[in-house]
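Colleague: One structure coming up, written as structure tokens, with questions to follow.
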Amino acid sequence: MATLVPFLAEGHAAGDRLLVVATPTRFKLLRAELSPAAVVEFVDSNNWYRSPGHATACAAKHFRLTGDSGLRVIGEPPWQQSAPDELAEWSCYEAACNLAFANVPIQVVCPYRISETPAGVLAEALRTHAEMTDVLGTRACAGYVAPRQFVPDFEPLLAPPPPASKATVVRNGTFEDVARLATRRALELGVVGRSARNFGLAAHEAAAQFFPDQPVEAQMKVWTARRELVGELLCRGPRQPRITGYLQPHPTDGTGDRLWLTRRLCRVVRLASTPYGMRVRLHLPAL
């Protein structure tokens with residue numbers, strides 16, 4: 001609080017737009033300390049941080065609407081509520097924000113509650129944030145890593161697919177062939193309607209990301225686990241940065257990540273490099 005209130009107060013004095021992404025309790029505490037004249041946009045962190053992909057879409061929507069003024073943001077992810085397979089993705093999200101909004105007049109403070117945040121997350125924060133502020137003051141993070149070179153240190157290994165999941169190969173195919181395969185496998189596993197269609201679309205965009213050209217040579221396995229539809233796509237092709245999928249495609253020239261939509265559709269998308277390309281695992285709530 002001692003750091004957050006002056007940060008917002010200085011922004012108010014400078015005419016910046018103020019955005020707080022936090023719990024209602026945190027917002028009430030901040031509001032009580034700020035001038036009544038300070039206009040603050042509040043977004044419940046439970047809505048913003050539903051998943052790494054959803055948070056990326058929220059940031060793209062809110063951070064670019066700055067007009068002629070600057071923007072000051074307080075963003076407090078609910079780390080203690082995140083599933084284990086999401087933690088590395090949240091670090092990728094934070095790393096990617098440094099690149100995605102590098103040319104936007106924005107200042108962001110990310111509060112970390114040391115007593116509640118996993119030790120691995122705190123260590124990664126020093127690699128995804130250029131500066132840190134604590135009781136000793138503000139200083140550069142010596143371990144900061146440029147976004148395109150960032151790879152999470154604490155990422156758990158991907159567990160092997162269950163033995164019952166059969167591999168299906170797409171040879172000399174198209175992105176649409178991958179989408180049809182994913183949708184068909186979802187239907188065979190009892191997932192219907194929008195979930196099956198979204199799974200096909202997520203697989204389509206993943207293939208488009210990792211295959212620069214068609215025809216496609218890929219292998220896919222699909223299974224269900226803990227009320228989710230899980231798909232793994234093995235793509236032969238060049239390796240890509242770990243933050244792939246966190247950069248929104250440009251609305252006119254199409255530059256950016258096709259995997260951005262995949263991340264929006266899925267709870268989590270995990271990437272791993274292999275000797276021959278990329279391993280992409282999609283987790284879609286569907287059951």
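We label chains A, B, ... in the order they appear in the structure tokens, count residues from 1 in each chain, and number ligands from 1 in the order shown.
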Looking only at alpha helix (DSSP H) from DSSP on the backbone, list the matching residues of range 103-280 of chain A as a PyMOL selection string.
Modeller: chain A and resi 119-128+175-188+193-210+259-265
Colleague: How would the residues just chosen look if you wrote them out with C-alpha atoms as a JSON list (two decimals), in the first residue's frame?
Modeller:
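Output saved as out.json:
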[["chain", "number", "residue", "atom", "x", "y", "z"],
["A", 119, "ALA", "CA", 8.86, -19.13, -4.23],
["A", 120, "GLY", "CA", 9.31, -20.09, -7.88],
["A", 121, "VAL", "CA", 6.92, -17.34, -8.96],
["A", 122, "LEU", "CA", 8.83, -14.74, -6.94],
["A", 123, "ALA", "CA", 12.09, -15.84, -8.54],
["A", 124, "GLU", "CA", 10.56, -15.60, -12.00],
["A", 125, "ALA", "CA", 9.25, -12.11, -11.24],
["A", 126, "LEU", "CA", 12.85, -10.90, -11.07],
["A", 127, "ARG", "CA", 13.32, -12.23, -14.62],
["A", 128, "THR", "CA", 10.11, -10.76, -16.09],
["A", 175, "PHE", "CA", -4.77, -26.33, -41.39],
["A", 176, "GLU", "CA", -8.40, -27.24, -42.02],
["A", 177, "ASP", "CA", -7.46, -30.93, -41.96],
["A", 178, "VAL", "CA", -5.98, -30.43, -38.49],
["A", 179, "ALA", "CA", -9.15, -28.63, -37.35],
["A", 180, "ARG", "CA", -11.39, -31.41, -38.69],
["A", 181, "LEU", "CA", -9.25, -34.05, -37.01],
["A", 182, "ALA", "CA", -9.40, -32.26, -33.65],
["A", 183, "THR", "CA", -13.16, -31.73, -33.91],
["A", 184, "ARG", "CA", -13.77, -35.36, -34.89],
["A", 185, "ARG", "CA", -11.72, -36.65, -31.97],
["A", 186, "ALA", "CA", -13.62, -34.35, -29.59],
["A", 187, "LEU", "CA", -16.92, -35.72, -30.85],
["A", 188, "GLU", "CA", -15.67, -39.30, -30.47],
["A", 193, "GLY", "CA", -21.42, -28.31, -29.60],
["A", 194, "ARG", "CA", -19.36, -25.17, -29.09],
["A", 195, "SER", "CA", -16.63, -26.97, -27.12],
["A", 196, "ALA", "CA", -15.91, -29.34, -30.02],
["A", 197, "ARG", "CA", -15.90, -26.45, -32.51],
["A", 198, "ASN", "CA", -13.63, -24.34, -30.31],
["A", 199, "PHE", "CA", -11.25, -27.24, -29.94],
["A", 200, "GLY", "CA", -11.03, -27.56, -33.72],
["A", 201, "LEU", "CA", -10.44, -23.82, -34.07],
["A", 202, "ALA", "CA", -7.76, -23.88, -31.38],
["A", 203, "ALA", "CA", -5.96, -26.70, -33.18],
["A", 204, "HIS", "CA", -6.32, -24.91, -36.53],
["A", 205, "GLU", "CA", -4.62, -21.76, -35.21],
["A", 206, "ALA", "CA", -1.90, -23.78, -33.47],
["A", 207, "ALA", "CA", -1.08, -25.51, -36.75],
["A", 208, "ALA", "CA", -1.07, -22.17, -38.57],
["A", 209, "GLN", "CA", 1.38, -20.82, -35.98],
["A", 210, "PHE", "CA", 3.91, -23.60, -36.17],
["A", 259, "LEU", "CA", -1.61, -18.93, -31.32],
["A", 260, "TRP", "CA", -3.13, -15.84, -29.63],
["A", 261, "LEU", "CA", -6.63, -17.09, -30.44],
["A", 262, "THR", "CA", -5.73, -20.59, -29.29],
["A", 263, "ARG", "CA", -4.67, -19.19, -25.92],
["A", 264, "ARG", "CA", -7.95, -17.27, -25.66],
["A", 265, "LEU", "CA", -10.00, -20.41, -26.29]]
Colleague: Write out as a list in words the residues lying within 7 Å of range 8-12 of chain A, counting only C-alpha atoms and excluding same-chain residues fewer than 3 positions away.
Modeller: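 Contacts, in chain order: Leu4, Val5, Gly15, Asp16, Leu18, Leu34, Ala38 and Arg72 of chain A.
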Colleague: Please identify all polymer residues within 7 Å of Val170 in chain A, counting only C-alpha atoms, omitting same-chain residues fewer than 5 positions from it, and present them as a list in words.
Modeller: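 Using only C-alpha atoms, the neighbours found are Val178, Val216, Glu217, Ala218 and Gln219 of chain A.
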Colleague: Might you pull out every residue within 8 Å of range 49-56 of chain A, with only C-alpha atoms counted and same-chain residues fewer than 5 positions away left off, and present them as a list of chain:residue names?
Modeller: A:Pro77, A:Pro78, A:Glu86, A:Glu89, A:Trp90, A:Tyr93, A:Tyr246, A:Trp260, A:Arg263, A:Arg264, A:Leu265, A:Cys266, A:Arg267, A:Val268
Colleague: Would you mind listing what lies within 10 Å of Gly137 in chain A as a list in words, with only C-alpha atoms counted and same-chain residues fewer than 4 positions away left out?
Modeller: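 So the residues in contact are Thr3, Met132 and Thr133 of chain A.
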Colleague: Just write the chosen residues, C-alpha atoms, as an mmCIF file, in the first residue's frame.
Modeller:
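The result, stored in out01.cif:
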data_model
loop_
_atom_site.group_PDB
_atom_site.id
_atom_site.type_symbol
_atom_site.label_atom_id
_atom_site.label_comp_id
_atom_site.auth_asym_id
_atom_site.auth_seq_id
_atom_site.Cartn_x
_atom_site.Cartn_y
_atom_site.Cartn_z
ATOM 1 C CA THR A 3 4.074 2.192 -2.741
ATOM 2 C CA MET A 132 11.593 -3.961 -8.369
ATOM 3 C CA THR A 133 10.553 -1.870 -5.365
#
Colleague: Report, in Å to a single decimal, how far apart CA of Ser69 in chain A and CA of Ala130 in chain A are.
Modeller: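 About the pair CA of Ala130 in chain A and CA of Ser69 in chain A: they are 22.8 Å apart.
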Colleague: If we count only C-alpha atoms, what is near range 162-164 of chain A at a cut-off of 8 Å, once residues fewer than 2 positions away on the same chain are taken out, given as a ChimeraX atom specification?
Modeller: /A:160,166,223
Colleague: Restricting the output to N, CA, C and O atoms, write the selected residues as a PDB file, in the first residue's frame.
Modeller:
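Result file again07.pdb:
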ATOM      1  N   PRO A 160       3.508 -37.653 -19.984  1.00  0.00           N
ATOM      2  CA  PRO A 160       3.196 -38.316 -21.264  1.00  0.00           C
ATOM      3  C   PRO A 160       1.696 -38.497 -21.427  1.00  0.00           C
ATOM      4  O   PRO A 160       0.961 -38.626 -20.437  1.00  0.00           O
ATOM      5  N   LYS A 166      -4.814 -42.490 -28.836  1.00  0.00           N
ATOM      6  CA  LYS A 166      -4.222 -42.942 -30.093  1.00  0.00           C
ATOM      7  C   LYS A 166      -3.688 -41.746 -30.880  1.00  0.00           C
ATOM      8  O   LYS A 166      -4.247 -40.653 -30.848  1.00  0.00           O
ATOM      9  N   TRP A 223      -7.311 -36.569 -25.642  1.00  0.00           N
ATOM     10  CA  TRP A 223      -7.872 -37.356 -24.546  1.00  0.00           C
ATOM     11  C   TRP A 223      -8.604 -36.423 -23.586  1.00  0.00           C
ATOM     12  O   TRP A 223      -8.573 -35.193 -23.745  1.00  0.00           O
TER      13      TRP A 223
END
Colleague: Provide the CA of Arg239 in chain A to CA of Phe211 in chain A distance in Å, to one decimal place.
Modeller: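 Computed distance, CA of Arg239 in chain A to CA of Phe211 in chain A, equals 10.4 Å.
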Colleague: Env of Arg227 in chain A: 10 Å cut, atoms = only C-alpha atoms, seq-sep filter 4 positions within chain, self excluded. Answer as a PyMOL selection string.
Modeller: chain A and resi 283-287
Colleague: Export, as a PDB file, in the first residue's frame, the selected residues with all heavy atoms.
Modeller:
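Final output, out11.pdb:
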ATOM      1  N   HIS A 283      -5.396 -27.340 -23.402  1.00  0.00           N
ATOM      2  CA  HIS A 283      -6.330 -27.745 -22.348  1.00  0.00           C
ATOM      3  C   HIS A 283      -7.584 -26.892 -22.480  1.00  0.00           C
ATOM      4  O   HIS A 283      -7.556 -25.687 -22.216  1.00  0.00           O
ATOM      5  CB  HIS A 283      -5.716 -27.534 -20.965  1.00  0.00           C
ATOM      6  CG  HIS A 283      -4.587 -28.461 -20.655  1.00  0.00           C
ATOM      7  ND1 HIS A 283      -4.728 -29.557 -19.820  1.00  0.00           N
ATOM      8  CD2 HIS A 283      -3.294 -28.445 -21.060  1.00  0.00           C
ATOM      9  CE1 HIS A 283      -3.549 -30.179 -19.727  1.00  0.00           C
ATOM     10  NE2 HIS A 283      -2.680 -29.530 -20.459  1.00  0.00           N
ATOM     11  N   LEU A 284      -8.673 -27.516 -22.881  1.00  0.00           N
ATOM     12  CA  LEU A 284      -9.931 -26.799 -23.097  1.00  0.00           C
ATOM     13  C   LEU A 284     -10.997 -27.325 -22.142  1.00  0.00           C
ATOM     14  O   LEU A 284     -11.362 -28.498 -22.232  1.00  0.00           O
ATOM     15  CB  LEU A 284     -10.392 -26.964 -24.547  1.00  0.00           C
ATOM     16  CG  LEU A 284     -11.647 -26.198 -24.938  1.00  0.00           C
ATOM     17  CD1 LEU A 284     -11.301 -24.745 -25.206  1.00  0.00           C
ATOM     18  CD2 LEU A 284     -12.304 -26.806 -26.175  1.00  0.00           C
ATOM     19  N   PRO A 285     -11.502 -26.495 -21.215  1.00  0.00           N
ATOM     20  CA  PRO A 285     -12.615 -26.965 -20.369  1.00  0.00           C
ATOM     21  C   PRO A 285     -13.804 -27.331 -21.236  1.00  0.00           C
ATOM     22  O   PRO A 285     -14.290 -26.526 -22.033  1.00  0.00           O
ATOM     23  CB  PRO A 285     -12.926 -25.721 -19.497  1.00  0.00           C
ATOM     24  CG  PRO A 285     -11.664 -24.919 -19.512  1.00  0.00           C
ATOM     25  CD  PRO A 285     -11.083 -25.129 -20.889  1.00  0.00           C
ATOM     26  N   ALA A 286     -14.281 -28.550 -21.090  1.00  0.00           N
ATOM     27  CA  ALA A 286     -15.310 -29.001 -22.026  1.00  0.00           C
ATOM     28  C   ALA A 286     -16.292 -29.989 -21.425  1.00  0.00           C
ATOM     29  O   ALA A 286     -17.306 -30.284 -22.054  1.00  0.00           O
ATOM     30  CB  ALA A 286     -14.637 -29.648 -23.254  1.00  0.00           C
ATOM     31  N   LEU A 287     -16.028 -30.490 -20.242  1.00  0.00           N
ATOM     32  CA  LEU A 287     -16.857 -31.572 -19.724  1.00  0.00           C
ATOM     33  C   LEU A 287     -17.597 -31.168 -18.468  1.00  0.00           C
ATOM     34  O   LEU A 287     -17.155 -30.274 -17.752  1.00  0.00           O
ATOM     35  CB  LEU A 287     -15.995 -32.801 -19.431  1.00  0.00           C
ATOM     36  CG  LEU A 287     -15.189 -33.339 -20.618  1.00  0.00           C
ATOM     37  CD1 LEU A 287     -14.318 -34.504 -20.171  1.00  0.00           C
ATOM     38  CD2 LEU A 287     -16.117 -33.793 -21.732  1.00  0.00           C
TER      39      LEU A 287
END
Colleague: When you count only C-alpha atoms, which of these residues is closest to Val73 in chain A: A:Cys110, A:Cys58, A:Leu19, A:Leu29?
Modeller: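 Residue with the minimum atom-to-atom distance to Val73 in chain A: A:Leu19.
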Colleague: If you measure from CA of Gln240 in chain A to CA of Ala146 in chain A, what distance in Å do you get, rounded to one decimal?
Modeller: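 Spanning CA of Gln240 in chain A to CA of Ala146 in chain A is a straight-line distance of 14.6 Å.
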Colleague: Looking only at strand (DSSP E) from DSSP on the backbone, list the matching residues of range 100-140 of chain A as a compact mmCIF listing (two decimals) with all heavy atoms, in the first residue's frame.
Modeller:
# COMPACT_ATOMS: atom_id res chain seq x y z
N ILE A 106 2.67 3.65 -20.84
CA ILE A 106 2.06 2.91 -19.74
C ILE A 106 3.11 2.59 -18.68
O ILE A 106 4.27 2.30 -18.99
CB ILE A 106 1.40 1.62 -20.27
CG1 ILE A 106 0.77 0.81 -19.15
CG2 ILE A 106 2.40 0.77 -21.03
CD1 ILE A 106 0.00 -0.41 -19.65
N GLN A 107 2.70 2.66 -17.42
CA GLN A 107 3.51 2.22 -16.30
C GLN A 107 2.70 1.20 -15.51
O GLN A 107 1.52 1.46 -15.20
CB GLN A 107 3.90 3.39 -15.40
CG GLN A 107 4.72 4.47 -16.07
CD GLN A 107 5.06 5.60 -15.12
OE1 GLN A 107 5.68 5.39 -14.07
NE2 GLN A 107 4.64 6.81 -15.47
N VAL A 108 3.31 0.07 -15.20
CA VAL A 108 2.60 -1.01 -14.51
C VAL A 108 3.35 -1.39 -13.24
O VAL A 108 4.57 -1.56 -13.26
CB VAL A 108 2.46 -2.25 -15.41
CG1 VAL A 108 1.66 -3.33 -14.70
CG2 VAL A 108 1.80 -1.88 -16.74
N VAL A 109 2.61 -1.53 -12.14
CA VAL A 109 3.16 -2.06 -10.90
C VAL A 109 2.44 -3.36 -10.59
O VAL A 109 1.20 -3.41 -10.59
CB VAL A 109 2.98 -1.07 -9.73
CG1 VAL A 109 3.33 -1.74 -8.41
CG2 VAL A 109 3.85 0.16 -9.93
N GLU A 131 12.30 -3.69 -13.16
CA GLU A 131 12.62 -3.04 -11.89
C GLU A 131 11.81 -3.66 -10.76
O GLU A 131 10.75 -4.24 -10.98
CB GLU A 131 12.32 -1.53 -11.94
CG GLU A 131 13.18 -0.73 -12.88
CD GLU A 131 12.86 0.74 -12.84
OE1 GLU A 131 11.76 1.12 -12.36
OE2 GLU A 131 13.71 1.54 -13.27
N MET A 132 12.32 -3.52 -9.54
CA MET A 132 11.59 -3.96 -8.37
C MET A 132 11.66 -2.88 -7.30
O MET A 132 12.62 -2.10 -7.22
CB MET A 132 12.17 -5.26 -7.81
CG MET A 132 13.56 -5.16 -7.21
SD MET A 132 14.09 -6.67 -6.38
CE MET A 132 12.93 -6.75 -5.02
N THR A 133 10.62 -2.82 -6.47
CA THR A 133 10.55 -1.87 -5.36
C THR A 133 10.23 -2.63 -4.09
O THR A 133 9.28 -3.43 -4.06
CB THR A 133 9.48 -0.80 -5.61
OG1 THR A 133 9.80 -0.06 -6.80
CG2 THR A 133 9.40 0.16 -4.44
N ASP A 134 11.01 -2.42 -3.06
CA ASP A 134 10.74 -3.00 -1.75
C ASP A 134 11.15 -1.99 -0.69
O ASP A 134 11.30 -0.79 -0.98
CB ASP A 134 11.46 -4.35 -1.59
CG ASP A 134 12.97 -4.25 -1.78
OD1 ASP A 134 13.51 -3.12 -1.76
OD2 ASP A 134 13.62 -5.29 -1.94
N GLY A 137 13.92 0.38 -1.53
CA GLY A 137 13.78 1.34 -2.62
C GLY A 137 13.58 0.65 -3.95
O GLY A 137 13.27 -0.54 -4.02
N THR A 138 13.77 1.40 -5.04
CA THR A 138 13.58 0.90 -6.41
C THR A 138 14.93 0.69 -7.07
O THR A 138 15.82 1.55 -6.98
CB THR A 138 12.75 1.88 -7.24
OG1 THR A 138 11.46 2.05 -6.63
CG2 THR A 138 12.57 1.37 -8.67
N ARG A 139 15.09 -0.45 -7.74
CA ARG A 139 16.35 -0.77 -8.41
C ARG A 139 16.08 -1.71 -9.57
O ARG A 139 15.01 -2.34 -9.65
CB ARG A 139 17.35 -1.39 -7.44
CG ARG A 139 16.84 -2.65 -6.76
CD ARG A 139 17.74 -3.02 -5.58
NE ARG A 139 17.32 -4.26 -4.93
CZ ARG A 139 16.34 -4.31 -4.03
NH1 ARG A 139 15.66 -3.23 -3.70
NH2 ARG A 139 16.04 -5.47 -3.46
N ALA A 140 17.04 -1.83 -10.47
CA ALA A 140 16.91 -2.72 -11.62
C ALA A 140 17.00 -4.18 -11.17
O ALA A 140 17.72 -4.51 -10.22
CB ALA A 140 18.00 -2.42 -12.64
Colleague: Quick one: of A:Asp44, A:His62, A:Thr224, A:Pro152, who's nearest to Val104 in chain A, counting only C-alpha atoms?
Modeller: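 Closest to Val104 in chain A, using only C-alpha atoms: A:His62.
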